[in-house]
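**Q** Handing you this structure, nothing more for now.
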Number of protein chains: 4
Amino acid sequence: MKKSDKHQKILNAAIKVFGQKGFFNARISDIAKEADVADGTIYLYFNNKYDILLTLFEEEIGKLITEIRAAISQKSDQREMLYIFALHHLRLVIEKKELAEVLQMELRQSGESIKEYRRTKFADYVNIISEIIRTGQENNIFRRDLKPGIIKRAFFGALDEMSRLWILNPSHKYTVEESAEAISDIFLNGIVAD
Amino acid sequence: MKKSDKHQKILNAAIKVFGQKGFFNARISDIAKEADVADGTIYLYFNNKYDILLTLFEEEIGKLITEIRAAISQKSDQREMLYIFALHHLRLVIEKKELAEVLQMELRQSGESIKEYRRTKFADYVNIISEIIRTGQENNIFRRDLKPGIIKRAFFGALDEMSRLWILNPSHKYTVEESAEAISDIFLNGIVAD
Amino acid sequence: MKKSDKHQKILNAAIKVFGQKGFFNARISDIAKEADVADGTIYLYFNNKYDILLTLFEEEIGKLITEIRAAISQKSDQREMLYIFALHHLRLVIEKKELAEVLQMELRQSGESIKEYRRTKFADYVNIISEIIRTGQENNIFRRDLKPGIIKRAFFGALDEMSRLWILNPSHKYTVEESAEAISDIFLNGIVAD
Amino acid sequence: MKKSDKHQKILNAAIKVFGQKGFFNARISDIAKEADVADGTIYLYFNNKYDILLTLFEEEIGKLITEIRAAISQKSDQREMLYIFALHHLRLVIEKKELAEVLQMELRQSGESIKEYRRTKFADYVNIISEIIRTGQENNIFRRDLKPGIIKRAFFGALDEMSRLWILNPSHKYTVEESAEAISDIFLNGIVAD
DNA sequence: GATGAATGAGACTTCATTCAT
DNA sequence: TATGAATGAAGTCTCATTCAT
């Protein structure tokens, strides 16, 4: 399809430009140039600048969910699943650096529609964690005195902060595997010495 | 002092306005109105809009560091210290809601000077955690196979994500104490059932 | 050409507005209105307000040089050439009154780039005089004890002051021909009675 | 007198600042700082920024007239007088460099009140030349077929352009004496070889 | 008279969006 | 569909002037 071709082309350009400059510092003309279309063309596919960001969230997070679910579904032990989630999440940060930057930055903005996203699409992504936790608790793998909602946030927050480090300071001190392992280990076993 | 009066008055106004609208959507005239001064007056105290944000970071984070260090210094056990850090951090989010919002949002922006802040002042704040960890490891309270740098980020990220929840969705499901306790418990003991 | 159309349209508007109000009192919106374009359009063709002035000097003085060289090249006697220069220069002041005003006024400003213009493009214009003088000296038509550089300035200054009179006080007491003749006569023969 | 003390102090500061930056680029605070008074103090002595410029013209040109008249009155031959005027004028440019710059630049502006000055006070100064010419013509020293009004402008313009050279390019190629002599020689005897 | 902090009108400039081609 | 020149609203910042002290 011609239309969806350009739609995605513009979206990819927007990921790149938003990732590099942030939403507010990005110019429509930057995106147009990156996508190799005319400025006006963008308005044939999107209502306005903000709509590009929202569409980007909607569609790209959708893809992430699909990918990460596929990866997790191959494991049966919830402890392993947690590790896989961590590994996959951190890998995405490396592989889709620019998308990760956009999500990191813009998902923190305070626009009402953004908040909506955190409550819907993005929540779906993070809820993968609480599903794992809940199942793990049902299987008596995880402690039942801890609320999955809190663990979910703590676990995601830990990964997210790690990503932020890489985004802000691209020369990694820690590898993806090492980090994924360390973080899931901390959550699974705690940091207190025996 | 008259001068520092207005300096702080403008800064407080900026915290409020930036917190509500975000840096880019905030107008100098919004801050001026909130501070009850003329637009031009702001430029007697700050070089430009961005300088307000930077000064805000510099001065307000400085205060946070002082406060939290004072709170921690009253404990001797590093496990307790971690809990106190969590408790204090989350309390600040509630008490200084607007400042927390600004830090949450704007510290994620991609401006070069912002990155600088994460590397300096803000890093000082987060490094309080790694200091605790390191001392705890020296005292054989904490496992020595985990890198303090990773624990620091994981722990701070967990708290930070929790804060974000409250900022974006002000009707708390979890109390501050409960959350601080849960998160420090997870980190100290892990989530795996015995 | 559409593009150069508007470029020149804006430049003409700028000549008019700068001529009437001076560079500093002229508003971009004045020029835009005069050129019958939107304010923003001006910035599609010029970098900033000052750039309009500089471009104006560059391009318009270029045209003057071409014109006056063409007029002079038709004479062979350097005495006549001097008269033709005077005549042509004063005619330009009448015909391109507004451009003359801009040059009169703004070329005296102290901006660094303006000084640059006096040293380059504008100097080319005035140097036409010293070329005539030098050739006249070589042909033994003019006294050789006088430095062409001084004569050049004296002659140009005389014409320039005359122009100023007309610009500041548009009701001429003296005609162009009379003035050109009188000034070249003074320079050629001096004012001392035989 | 206290009052006139500060009045002149501010005026001197204005000469310096206007001379360096031009009227429009000069700030009231620049002048205040240079005069070592508070910004507000300036408004106790002058109505507004423009009034400083006008007063400056009025008073300083008045002094020049007095000085140059005194110098001329010592000669009896109009040819010598013309030389003395040239010499004195060019000396002033060197000695009161900054005032000369202000006069050079600002007297060319197009404000209505400025035009008024050229027609009154400043005209008085230049009219010294035409008085000399007229008397010279009456004494049969100068040709009577040339209008004093034109000679006046040509002579003043020649000197003025010379001054401009020095102002824009402070490293003089020609000395004051040499220049004054050359210019009066050109006017008295013409440039045509015998 | 003197101060200088405060004011606020207004300028330049940017850039999302439109629309004639 | 696609273009990109043109638009014009709106924001940041400056600075002459005022006025309470």
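Naming works like this for the structure tokens: A, B, ... for the chains as they're shown, residue 1 at the start of each chain, ligands 1 onward in shown order.
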Calculate the C-alpha RMSD, in Å to one decimal, after superposing chain B onto chain D by least squares over all C-alpha atoms paired in sequence order.
**A** 0.1 Å
**Q** Contacts of region 3-12 of chain F at 8 Å or less, counting only C-alpha atoms (C1' of nucleotides), minus same-chain residues fewer than 2 places along, as a PDB file with C-alpha atoms (C1' of nucleotides), in the first residue's frame?
**A**
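Full text of around26.pdb as output:
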ATOM      1  CA  ALA A  38       7.390  17.693   1.680  1.00  0.00           C
ATOM      2  CA  ASP A  39       6.249  19.385   4.860  1.00  0.00           C
ATOM      3  CA  GLY A  40       2.692  19.484   3.626  1.00  0.00           C
ATOM      4  CA  THR A  41       2.646  15.779   2.915  1.00  0.00           C
TER       5      THR A  41
ATOM      6  CA  ARG B  27       5.018  30.754  29.280  1.00  0.00           C
ATOM      7  CA  ILE B  28       7.236  33.343  30.902  1.00  0.00           C
TER       8      ILE B  28
ATOM      9  CA  ALA C  38       3.395  38.500   5.627  1.00  0.00           C
ATOM     10  CA  ASP C  39       6.016  39.287   8.223  1.00  0.00           C
ATOM     11  CA  GLY C  40       7.212  35.710   8.215  1.00  0.00           C
ATOM     12  CA  THR C  41       7.739  35.699   4.469  1.00  0.00           C
TER      13      THR C  41
ATOM     14  C1'  DT E  18      -2.663  25.919   4.971  1.00  0.00           C
TER      15       DT E  18
END
**Q** Set the cut-off to 6 Å and count only C-alpha atoms: what are the residues of chain B that reach chain A? Output as a CSV table (one decimal) with N, CA, C and O atoms, in the first residue's frame.
**A**
chain,number,residue,atom,x,y,z
B,105,MET,N,9.6,15.2,35.0
B,105,MET,CA,9.4,15.5,33.6
B,105,MET,C,10.7,16.0,32.9
B,105,MET,O,11.2,15.5,31.9
B,108,ARG,N,14.2,14.4,32.2
B,108,ARG,CA,14.3,13.4,31.1
B,108,ARG,C,14.5,14.1,29.8
B,108,ARG,O,14.6,13.4,28.8
B,109,GLN,N,14.4,15.4,29.7
B,109,GLN,CA,14.6,16.0,28.5
B,109,GLN,C,16.0,15.8,27.9
B,109,GLN,O,16.9,15.4,28.7
B,141,ILE,N,26.5,-6.7,55.5
B,141,ILE,CA,25.1,-6.7,55.6
B,141,ILE,C,24.5,-7.0,54.2
B,141,ILE,O,23.5,-7.7,54.1
B,142,PHE,N,25.1,-6.6,53.2
B,142,PHE,CA,24.6,-6.8,51.8
B,142,PHE,C,25.5,-7.7,51.0
B,142,PHE,O,26.7,-7.8,51.3
B,143,ARG,N,24.9,-8.4,50.1
B,143,ARG,CA,25.7,-9.3,49.2
B,143,ARG,C,26.7,-8.5,48.5
B,143,ARG,O,26.5,-7.4,48.0
B,153,ARG,N,20.8,2.1,40.8
B,153,ARG,CA,19.8,2.5,39.7
B,153,ARG,C,18.5,1.7,39.9
B,153,ARG,O,17.4,2.3,39.7
B,154,ALA,N,18.6,0.5,40.2
B,154,ALA,CA,17.4,-0.3,40.3
B,154,ALA,C,16.5,0.2,41.5
B,154,ALA,O,15.3,0.4,41.3
B,157,GLY,N,15.2,3.7,40.5
B,157,GLY,CA,14.2,3.5,39.5
B,157,GLY,C,12.9,3.0,40.0
B,157,GLY,O,11.8,3.5,39.6
B,158,ALA,N,13.0,2.1,41.0
B,158,ALA,CA,11.7,1.6,41.6
B,158,ALA,C,10.9,2.7,42.3
B,158,ALA,O,9.7,2.8,42.1
B,161,GLU,N,9.5,5.2,39.7
B,161,GLU,CA,8.4,4.8,38.9
B,161,GLU,C,7.1,4.9,39.8
B,161,GLU,O,6.0,5.2,39.3
B,187,PHE,N,13.8,-5.2,47.8
B,187,PHE,CA,15.2,-5.1,47.6
B,187,PHE,C,16.0,-5.9,48.6
B,187,PHE,O,17.0,-6.5,48.3
B,188,LEU,N,15.6,-5.8,49.8
B,188,LEU,CA,16.3,-6.4,50.9
B,188,LEU,C,16.2,-8.0,50.8
B,188,LEU,O,17.2,-8.7,50.9
B,189,ASN,N,15.0,-8.4,50.6
B,189,ASN,CA,14.7,-9.9,50.7
B,189,ASN,C,14.3,-10.6,49.4
B,189,ASN,O,14.2,-11.8,49.4
B,190,GLY,N,14.1,-9.8,48.4
B,190,GLY,CA,13.7,-10.5,47.1
B,190,GLY,C,12.2,-10.9,47.1
B,190,GLY,O,11.6,-10.7,48.2
B,191,ILE,N,11.8,-11.4,46.0
B,191,ILE,CA,10.4,-11.7,45.9
B,191,ILE,C,10.1,-13.2,45.9
B,191,ILE,O,9.0,-13.6,45.8
B,192,VAL,N,11.2,-14.0,45.8
B,192,VAL,CA,11.0,-15.4,45.8
B,192,VAL,C,10.5,-15.9,47.1
B,192,VAL,O,11.0,-15.6,48.2
B,193,ALA,N,9.6,-16.8,47.1
B,193,ALA,CA,9.1,-17.4,48.3
B,193,ALA,C,10.1,-18.4,48.9
B,193,ALA,O,10.9,-18.9,48.1
**Q** Would you mind listing, for every residue of chain F within 12 Å of chain D, the two atoms forming the shortest contact and the distance between them in Å to one decimal, using only C-alpha atoms (C1' of nucleotides), sorted by chain and ascending residue number, as JSON lines?
**A**
{"residue": "F:DT14", "atom": "C1'", "partner": "D:Arg27", "partner_atom": "CA", "distance": 10.4}
{"residue": "F:DC15", "atom": "C1'", "partner": "D:Arg27", "partner_atom": "CA", "distance": 7.5}
{"residue": "F:DA16", "atom": "C1'", "partner": "D:Ile28", "partner_atom": "CA", "distance": 7.5}
{"residue": "F:DT17", "atom": "C1'", "partner": "D:Asn48", "partner_atom": "CA", "distance": 8.2}
{"residue": "F:DT18", "atom": "C1'", "partner": "D:Gly40", "partner_atom": "CA", "distance": 8.5}
{"residue": "F:DC19", "atom": "C1'", "partner": "D:Gly40", "partner_atom": "CA", "distance": 9.7}
**Q** Could you write out the selected residues, including N, CA, C and O atoms (P, O5', C5', C4', C3', O3' and C1' of nucleotides), as a PDB file, in the first residue's frame?
**A**
ATOM      1  P    DT F  14      17.545  39.794  26.495  1.00  0.00           P
ATOM      2  O5'  DT F  14      17.135  41.251  25.995  1.00  0.00           O
ATOM      3  C5'  DT F  14      16.863  41.456  24.617  1.00  0.00           C
ATOM      4  C4'  DT F  14      16.451  42.893  24.427  1.00  0.00           C
ATOM      5  C3'  DT F  14      17.261  43.889  25.259  1.00  0.00           C
ATOM      6  O3'  DT F  14      17.541  44.967  24.390  1.00  0.00           O
ATOM      7  C1'  DT F  14      14.961  44.146  25.736  1.00  0.00           C
ATOM      8  P    DC F  15      18.683  45.995  24.714  1.00  0.00           P
ATOM      9  O5'  DC F  15      17.884  47.246  25.264  1.00  0.00           O
ATOM     10  C5'  DC F  15      16.747  47.690  24.521  1.00  0.00           C
ATOM     11  C4'  DC F  15      15.976  48.684  25.346  1.00  0.00           C
ATOM     12  C3'  DC F  15      16.858  49.527  26.278  1.00  0.00           C
ATOM     13  O3'  DC F  15      16.344  50.841  26.235  1.00  0.00           O
ATOM     14  C1'  DC F  15      15.169  48.496  27.526  1.00  0.00           C
ATOM     15  P    DA F  16      17.351  52.059  26.218  1.00  0.00           P
ATOM     16  O5'  DA F  16      16.337  53.275  26.263  1.00  0.00           O
ATOM     17  C5'  DA F  16      15.342  53.378  25.259  1.00  0.00           C
ATOM     18  C4'  DA F  16      14.023  53.854  25.853  1.00  0.00           C
ATOM     19  C3'  DA F  16      14.101  55.140  26.657  1.00  0.00           C
ATOM     20  O3'  DA F  16      12.899  55.861  26.420  1.00  0.00           O
ATOM     21  C1'  DA F  16      13.382  53.382  28.074  1.00  0.00           C
ATOM     22  P    DT F  17      12.759  57.317  26.998  1.00  0.00           P
ATOM     23  O5'  DT F  17      12.016  57.042  28.381  1.00  0.00           O
ATOM     24  C5'  DT F  17      10.707  56.464  28.345  1.00  0.00           C
ATOM     25  C4'  DT F  17      10.250  56.117  29.742  1.00  0.00           C
ATOM     26  C3'  DT F  17      10.344  57.235  30.790  1.00  0.00           C
ATOM     27  O3'  DT F  17       9.022  57.480  31.240  1.00  0.00           O
ATOM     28  C1'  DT F  17      11.072  55.180  31.678  1.00  0.00           C
ATOM     29  P    DT F  18       8.698  58.624  32.246  1.00  0.00           P
ATOM     30  O5'  DT F  18       8.263  57.834  33.565  1.00  0.00           O
ATOM     31  C5'  DT F  18       7.426  56.700  33.423  1.00  0.00           C
ATOM     32  C4'  DT F  18       7.301  55.969  34.747  1.00  0.00           C
ATOM     33  C3'  DT F  18       7.064  56.871  35.961  1.00  0.00           C
ATOM     34  O3'  DT F  18       6.091  56.218  36.769  1.00  0.00           O
ATOM     35  C1'  DT F  18       8.942  55.531  36.354  1.00  0.00           C
ATOM     36  P    DC F  19       5.140  57.034  37.685  1.00  0.00           P
ATOM     37  O5'  DC F  19       5.538  56.476  39.132  1.00  0.00           O
ATOM     38  C5'  DC F  19       5.890  55.091  39.297  1.00  0.00           C
ATOM     39  C4'  DC F  19       6.572  54.911  40.645  1.00  0.00           C
ATOM     40  C3'  DC F  19       6.295  56.030  41.657  1.00  0.00           C
ATOM     41  O3'  DC F  19       6.313  55.467  42.955  1.00  0.00           O
ATOM     42  C1'  DC F  19       8.580  55.915  41.275  1.00  0.00           C
TER      43       DC F  19
END
**Q** Write out as a VMD selection string all residues of region 109-194 of chain D that DSSP puts in helix (DSSP H, G or I) for this structure's backbone.
**A** chain D and resid 112 to 119 121 to 138 148 to 168 176 to 189
**Q** When distances are computed from only C-alpha atoms, which of B:Asn12, B:Thr175, B:Asn139, B:Leu53 shows the smallest separation from Lys96 (chain B)?
**A**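 When distances to Lys96 (chain B) are compared using only C-alpha atoms, the smallest one comes from B:Asn12.
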**Q** For region 65-73 of chain D, please output as JSON, numbers by chain all residues within 7 Å (counting only C-alpha atoms (C1' of nucleotides); exclusion window: fewer than 6 positions along the same chain).
**A** {"D": [81, 84, 85, 88, 125]}
**Q** Quick one, how far is C1' of DA2 (chain E) from CA of Leu44 (chain D)?
**A** 9.1 Å
**Q** Mind listing as a PDB file with C-alpha atoms (C1' of nucleotides), in the first residue's frame which residues of chain E are within 8 Å of chain B, counting only C-alpha atoms (C1' of nucleotides)?
**A**
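File part.pdb, as written:
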ATOM      1  C1'  DA E   6      10.396  47.235  38.677  1.00  0.00           C
ATOM      2  C1'  DT E   7       7.509  47.854  34.841  1.00  0.00           C
ATOM      3  C1'  DG E   8       5.275  46.565  30.401  1.00  0.00           C
TER       4       DG E   8
END
**Q** May I ask for the distance between CA of Thr55 (chain C) and C1' of DC13 (chain F), given in Å to one decimal place?
**A**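 Going from CA of Thr55 (chain C) over to C1' of DC13 (chain F), I get 26.3 Å.
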